[in-house]
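Chemist: Got a structure for you, protein_20.txt, holding compact mmCIF, N, CA and C atoms.
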# COMPACT_ATOMS: atom_id res chain seq x y z
N MET F 30 55.97 4.36 -74.29
CA MET F 30 55.88 5.48 -75.22
C MET F 30 57.17 6.28 -75.22
N SER F 31 58.19 5.79 -75.86
CA SER F 31 59.43 6.56 -75.93
C SER F 31 59.51 7.20 -77.31
N SER F 32 59.79 8.47 -77.31
CA SER F 32 59.91 9.17 -78.59
C SER F 32 61.39 9.36 -78.88
N SER F 33 61.73 9.23 -80.12
CA SER F 33 63.14 9.34 -80.49
C SER F 33 63.55 10.80 -80.73
N SER F 34 62.57 11.69 -80.82
CA SER F 34 62.94 13.09 -81.07
C SER F 34 63.39 13.75 -79.77
N LYS F 35 64.49 14.47 -79.83
CA LYS F 35 65.02 15.14 -78.65
C LYS F 35 64.48 16.56 -78.59
N ARG F 36 64.31 17.06 -77.36
CA ARG F 36 63.84 18.43 -77.20
C ARG F 36 64.97 19.39 -77.57
N PRO F 37 64.62 20.50 -78.23
CA PRO F 37 65.67 21.47 -78.54
C PRO F 37 66.21 22.10 -77.26
N ARG F 38 67.49 22.39 -77.27
CA ARG F 38 68.11 23.01 -76.10
C ARG F 38 67.68 24.45 -75.97
N LYS F 39 67.55 24.88 -74.72
CA LYS F 39 67.24 26.29 -74.48
C LYS F 39 68.49 27.12 -74.74
N ALA F 40 68.27 28.32 -75.23
CA ALA F 40 69.40 29.23 -75.42
C ALA F 40 69.90 29.63 -74.03
N SER F 41 71.21 29.71 -73.90
CA SER F 41 71.75 30.07 -72.59
C SER F 41 71.35 31.52 -72.27
N GLU F 42 71.17 31.76 -70.99
CA GLU F 42 70.74 33.08 -70.57
C GLU F 42 71.84 34.10 -70.86
N GLU F 43 71.39 35.30 -71.20
CA GLU F 43 72.37 36.35 -71.47
C GLU F 43 73.02 36.77 -70.16
N ALA F 44 74.30 37.08 -70.24
CA ALA F 44 75.02 37.50 -69.05
C ALA F 44 74.51 38.85 -68.57
N VAL F 45 74.24 38.95 -67.30
CA VAL F 45 73.79 40.21 -66.71
C VAL F 45 75.03 41.03 -66.38
N PRO F 46 75.04 42.31 -66.73
CA PRO F 46 76.23 43.10 -66.41
C PRO F 46 76.45 43.15 -64.90
N ALA F 47 77.68 42.93 -64.49
CA ALA F 47 78.00 42.86 -63.07
C ALA F 47 77.96 44.25 -62.45
N LEU F 48 77.29 44.34 -61.30
CA LEU F 48 77.24 45.60 -60.57
C LEU F 48 78.42 45.64 -59.60
N SER F 49 78.93 46.83 -59.38
CA SER F 49 79.98 46.94 -58.37
C SER F 49 79.35 46.74 -57.00
N HIS F 50 80.18 46.47 -56.02
CA HIS F 50 79.67 46.24 -54.66
C HIS F 50 78.94 47.48 -54.14
N ALA F 51 79.47 48.65 -54.43
CA ALA F 51 78.83 49.89 -53.98
C ALA F 51 77.45 50.05 -54.61
N ASP F 52 77.32 49.70 -55.90
CA ASP F 52 76.02 49.80 -56.58
C ASP F 52 75.02 48.82 -55.99
N GLN F 53 75.50 47.62 -55.64
CA GLN F 53 74.61 46.63 -55.02
C GLN F 53 74.11 47.12 -53.67
N LEU F 54 75.00 47.71 -52.88
CA LEU F 54 74.60 48.22 -51.58
C LEU F 54 73.61 49.36 -51.71
N GLN F 55 73.84 50.23 -52.68
CA GLN F 55 72.93 51.36 -52.89
C GLN F 55 71.54 50.86 -53.28
N ALA F 56 71.47 49.88 -54.16
CA ALA F 56 70.18 49.33 -54.57
C ALA F 56 69.48 48.66 -53.39
N LEU F 57 70.26 47.97 -52.55
CA LEU F 57 69.70 47.32 -51.38
C LEU F 57 69.10 48.34 -50.43
N HIS F 58 69.83 49.42 -50.18
CA HIS F 58 69.34 50.45 -49.26
C HIS F 58 68.10 51.14 -49.81
N GLN F 59 68.01 51.31 -51.12
CA GLN F 59 66.83 51.94 -51.71
C GLN F 59 65.60 51.05 -51.52
N ARG F 60 65.79 49.72 -51.66
CA ARG F 60 64.66 48.80 -51.48
C ARG F 60 64.19 48.79 -50.04
N GLU F 61 65.13 48.98 -49.09
CA GLU F 61 64.79 48.87 -47.68
C GLU F 61 64.35 50.19 -47.07
N ALA F 62 64.48 51.28 -47.80
CA ALA F 62 64.17 52.60 -47.24
C ALA F 62 62.70 52.67 -46.83
N GLY F 63 62.46 53.18 -45.64
CA GLY F 63 61.10 53.35 -45.16
C GLY F 63 60.44 52.08 -44.68
N LYS F 64 61.20 51.01 -44.51
CA LYS F 64 60.61 49.75 -44.07
C LYS F 64 61.12 49.42 -42.67
N THR F 65 60.37 48.59 -41.97
CA THR F 65 60.72 48.15 -40.63
C THR F 65 61.37 46.78 -40.72
N VAL F 66 62.45 46.58 -39.97
CA VAL F 66 63.13 45.28 -39.97
C VAL F 66 62.46 44.40 -38.92
N MET F 67 61.98 43.24 -39.37
CA MET F 67 61.36 42.27 -38.47
C MET F 67 62.19 41.00 -38.52
N TYR F 68 62.30 40.30 -37.38
CA TYR F 68 63.06 39.06 -37.39
C TYR F 68 62.47 38.07 -36.41
N LYS F 69 62.79 36.79 -36.64
CA LYS F 69 62.46 35.73 -35.68
C LYS F 69 63.42 34.58 -35.89
N HIS F 70 63.57 33.77 -34.85
CA HIS F 70 64.39 32.58 -34.93
C HIS F 70 63.49 31.39 -35.27
N ASP F 71 63.91 30.60 -36.25
CA ASP F 71 63.10 29.45 -36.61
C ASP F 71 63.50 28.23 -35.76
N ALA F 72 62.91 27.10 -36.05
CA ALA F 72 63.12 25.90 -35.25
C ALA F 72 64.57 25.42 -35.27
N TRP F 73 65.33 25.79 -36.28
CA TRP F 73 66.72 25.36 -36.40
C TRP F 73 67.68 26.39 -35.82
N GLY F 74 67.14 27.47 -35.23
CA GLY F 74 68.00 28.48 -34.64
C GLY F 74 68.51 29.51 -35.63
N HIS F 75 68.01 29.47 -36.86
CA HIS F 75 68.40 30.47 -37.85
C HIS F 75 67.54 31.70 -37.69
N MET F 76 68.12 32.85 -37.98
CA MET F 76 67.35 34.09 -37.89
C MET F 76 66.77 34.41 -39.26
N GLU F 77 65.47 34.60 -39.30
CA GLU F 77 64.79 35.00 -40.53
C GLU F 77 64.51 36.48 -40.43
N THR F 78 64.95 37.23 -41.43
CA THR F 78 64.80 38.68 -41.43
C THR F 78 63.86 39.09 -42.56
N ARG F 79 62.95 39.99 -42.27
CA ARG F 79 62.03 40.53 -43.27
C ARG F 79 62.03 42.04 -43.20
N PHE F 80 61.98 42.69 -44.34
CA PHE F 80 61.83 44.13 -44.41
C PHE F 80 60.37 44.39 -44.75
N VAL F 81 59.64 44.95 -43.78
CA VAL F 81 58.19 45.01 -43.82
C VAL F 81 57.73 46.45 -43.91
N ARG F 82 56.68 46.69 -44.71
CA ARG F 82 56.09 48.03 -44.72
C ARG F 82 55.52 48.33 -43.35
N THR F 83 55.60 49.59 -42.96
CA THR F 83 55.20 49.98 -41.61
C THR F 83 53.76 49.60 -41.31
N GLN F 84 52.86 49.70 -42.29
CA GLN F 84 51.46 49.38 -42.01
C GLN F 84 51.25 47.88 -41.80
N ASN F 85 52.22 47.04 -42.14
CA ASN F 85 52.07 45.59 -42.00
C ASN F 85 52.76 45.03 -40.76
N VAL F 86 53.32 45.92 -39.91
CA VAL F 86 54.08 45.45 -38.75
C VAL F 86 53.22 44.59 -37.83
N ALA F 87 51.99 45.00 -37.55
CA ALA F 87 51.13 44.24 -36.64
C ALA F 87 50.87 42.83 -37.17
N ALA F 88 50.67 42.71 -38.46
CA ALA F 88 50.42 41.39 -39.05
C ALA F 88 51.64 40.49 -38.90
N TRP F 89 52.84 41.04 -39.06
CA TRP F 89 54.06 40.24 -38.92
C TRP F 89 54.32 39.91 -37.46
N GLU F 90 53.96 40.82 -36.54
CA GLU F 90 54.11 40.51 -35.12
C GLU F 90 53.18 39.36 -34.74
N ALA F 91 52.00 39.29 -35.37
CA ALA F 91 51.07 38.20 -35.11
C ALA F 91 51.66 36.86 -35.58
N LYS F 92 52.55 36.90 -36.56
CA LYS F 92 53.19 35.68 -37.06
C LYS F 92 54.38 35.26 -36.20
N GLY F 93 54.67 36.07 -35.15
CA GLY F 93 55.77 35.70 -34.26
C GLY F 93 57.06 36.45 -34.52
N PHE F 94 57.02 37.45 -35.39
CA PHE F 94 58.22 38.21 -35.67
C PHE F 94 58.38 39.32 -34.64
N LEU F 95 59.61 39.69 -34.37
CA LEU F 95 59.92 40.78 -33.46
C LEU F 95 60.41 41.98 -34.25
N ARG F 96 60.11 43.16 -33.76
CA ARG F 96 60.56 44.38 -34.43
C ARG F 96 61.99 44.69 -33.98
N ARG F 97 62.86 45.03 -34.91
CA ARG F 97 64.23 45.38 -34.55
C ARG F 97 64.30 46.85 -34.25
Let's see the structure in the file written out as structure tokens.
Modeler:
Amino acid sequence: MSSSSKRPRKASEEAVPALSHADQLQALHQREAGKTVMYKHDAWGHMETRFVRTQNVAAWEAKGFLRR
């Protein structure tokens, strides 16, 4: 069952305006404000970091994460 009609191409995504480095850092800090940093090392020795709401810390500790 081969069809000779080709699928129309998707329109290319619109370019997102570039943020300055300072703006990116400010947005990052706003997202992380009031959260607890949790981390653990995985089987490959990489560190996995999560920014967790304070009420969820116990659940993440149960998953093997450590509080920073």
Chemist: Check the smallest atom-to-atom distance from each of F:Lys39, F:Gly93, F:Asn85, F:Phe80 to His58 of chain F using only C-alpha atoms, then report the winner.
Modeler: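 Counting only C-alpha atoms, the residue closest to His58 of chain F is F:Phe80.
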Chemist: Tell me, in Å to one decimal, how far atom CA of Ala87 of chain F is from atom CA of Gly63 of chain F.
Modeler: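 Pair atom CA of Ala87 of chain F / atom CA of Gly63 of chain F returns 16.0 Å.
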Chemist: Atom C of Arg82 of chain F and atom N of Lys64 of chain F, how far apart in Å?
Modeler: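 If I compute the distance from atom N of Lys64 of chain F to atom C of Arg82 of chain F, I get 6.4 Å.
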Chemist: Which of chain F counts as alpha helix (DSSP H) under DSSP, as number ranges by chain please?
Modeler: F: 50-61, 86-91
Chemist: Tell me, which residues of chain F carry DSSP strand (DSSP E), written as a VMD selection string?
Modeler: chain F and resid 64 to 70 76 to 82 95 to 96
Chemist: Quick one, how far is atom CA of Val81 of chain F from atom N of Ala47 of chain F?
Modeler: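 According to the coordinates, atom CA of Val81 of chain F and atom N of Ala47 of chain F are separated by 28.5 Å.
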Chemist: Using only C-alpha atoms, which of F:Met67, F:Met76, F:Leu57, F:Pro37 sits nearest Ala88 of chain F?
Modeler: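 Checking each candidate against Ala88 of chain F, we get F:Met67 as the closest.
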Chemist: When distances are computed from all atoms listed in the file, which of F:Gly74, F:Arg79, F:Tyr68, F:Gln84 shows the smallest separation from Arg97 of chain F?
Modeler: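 That would be F:Tyr68, the residue with the smallest distance to Arg97 of chain F.
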Chemist: Do you know which residues are at most 8 Å from Arg96 of chain F counting all atoms listed in the file, after dropping those on the same chain fewer than 2 positions away, and could you put them as JSON, numbers by chain?
Modeler: {"F": [65, 66, 67, 68, 69, 86, 89, 90, 93, 94]}
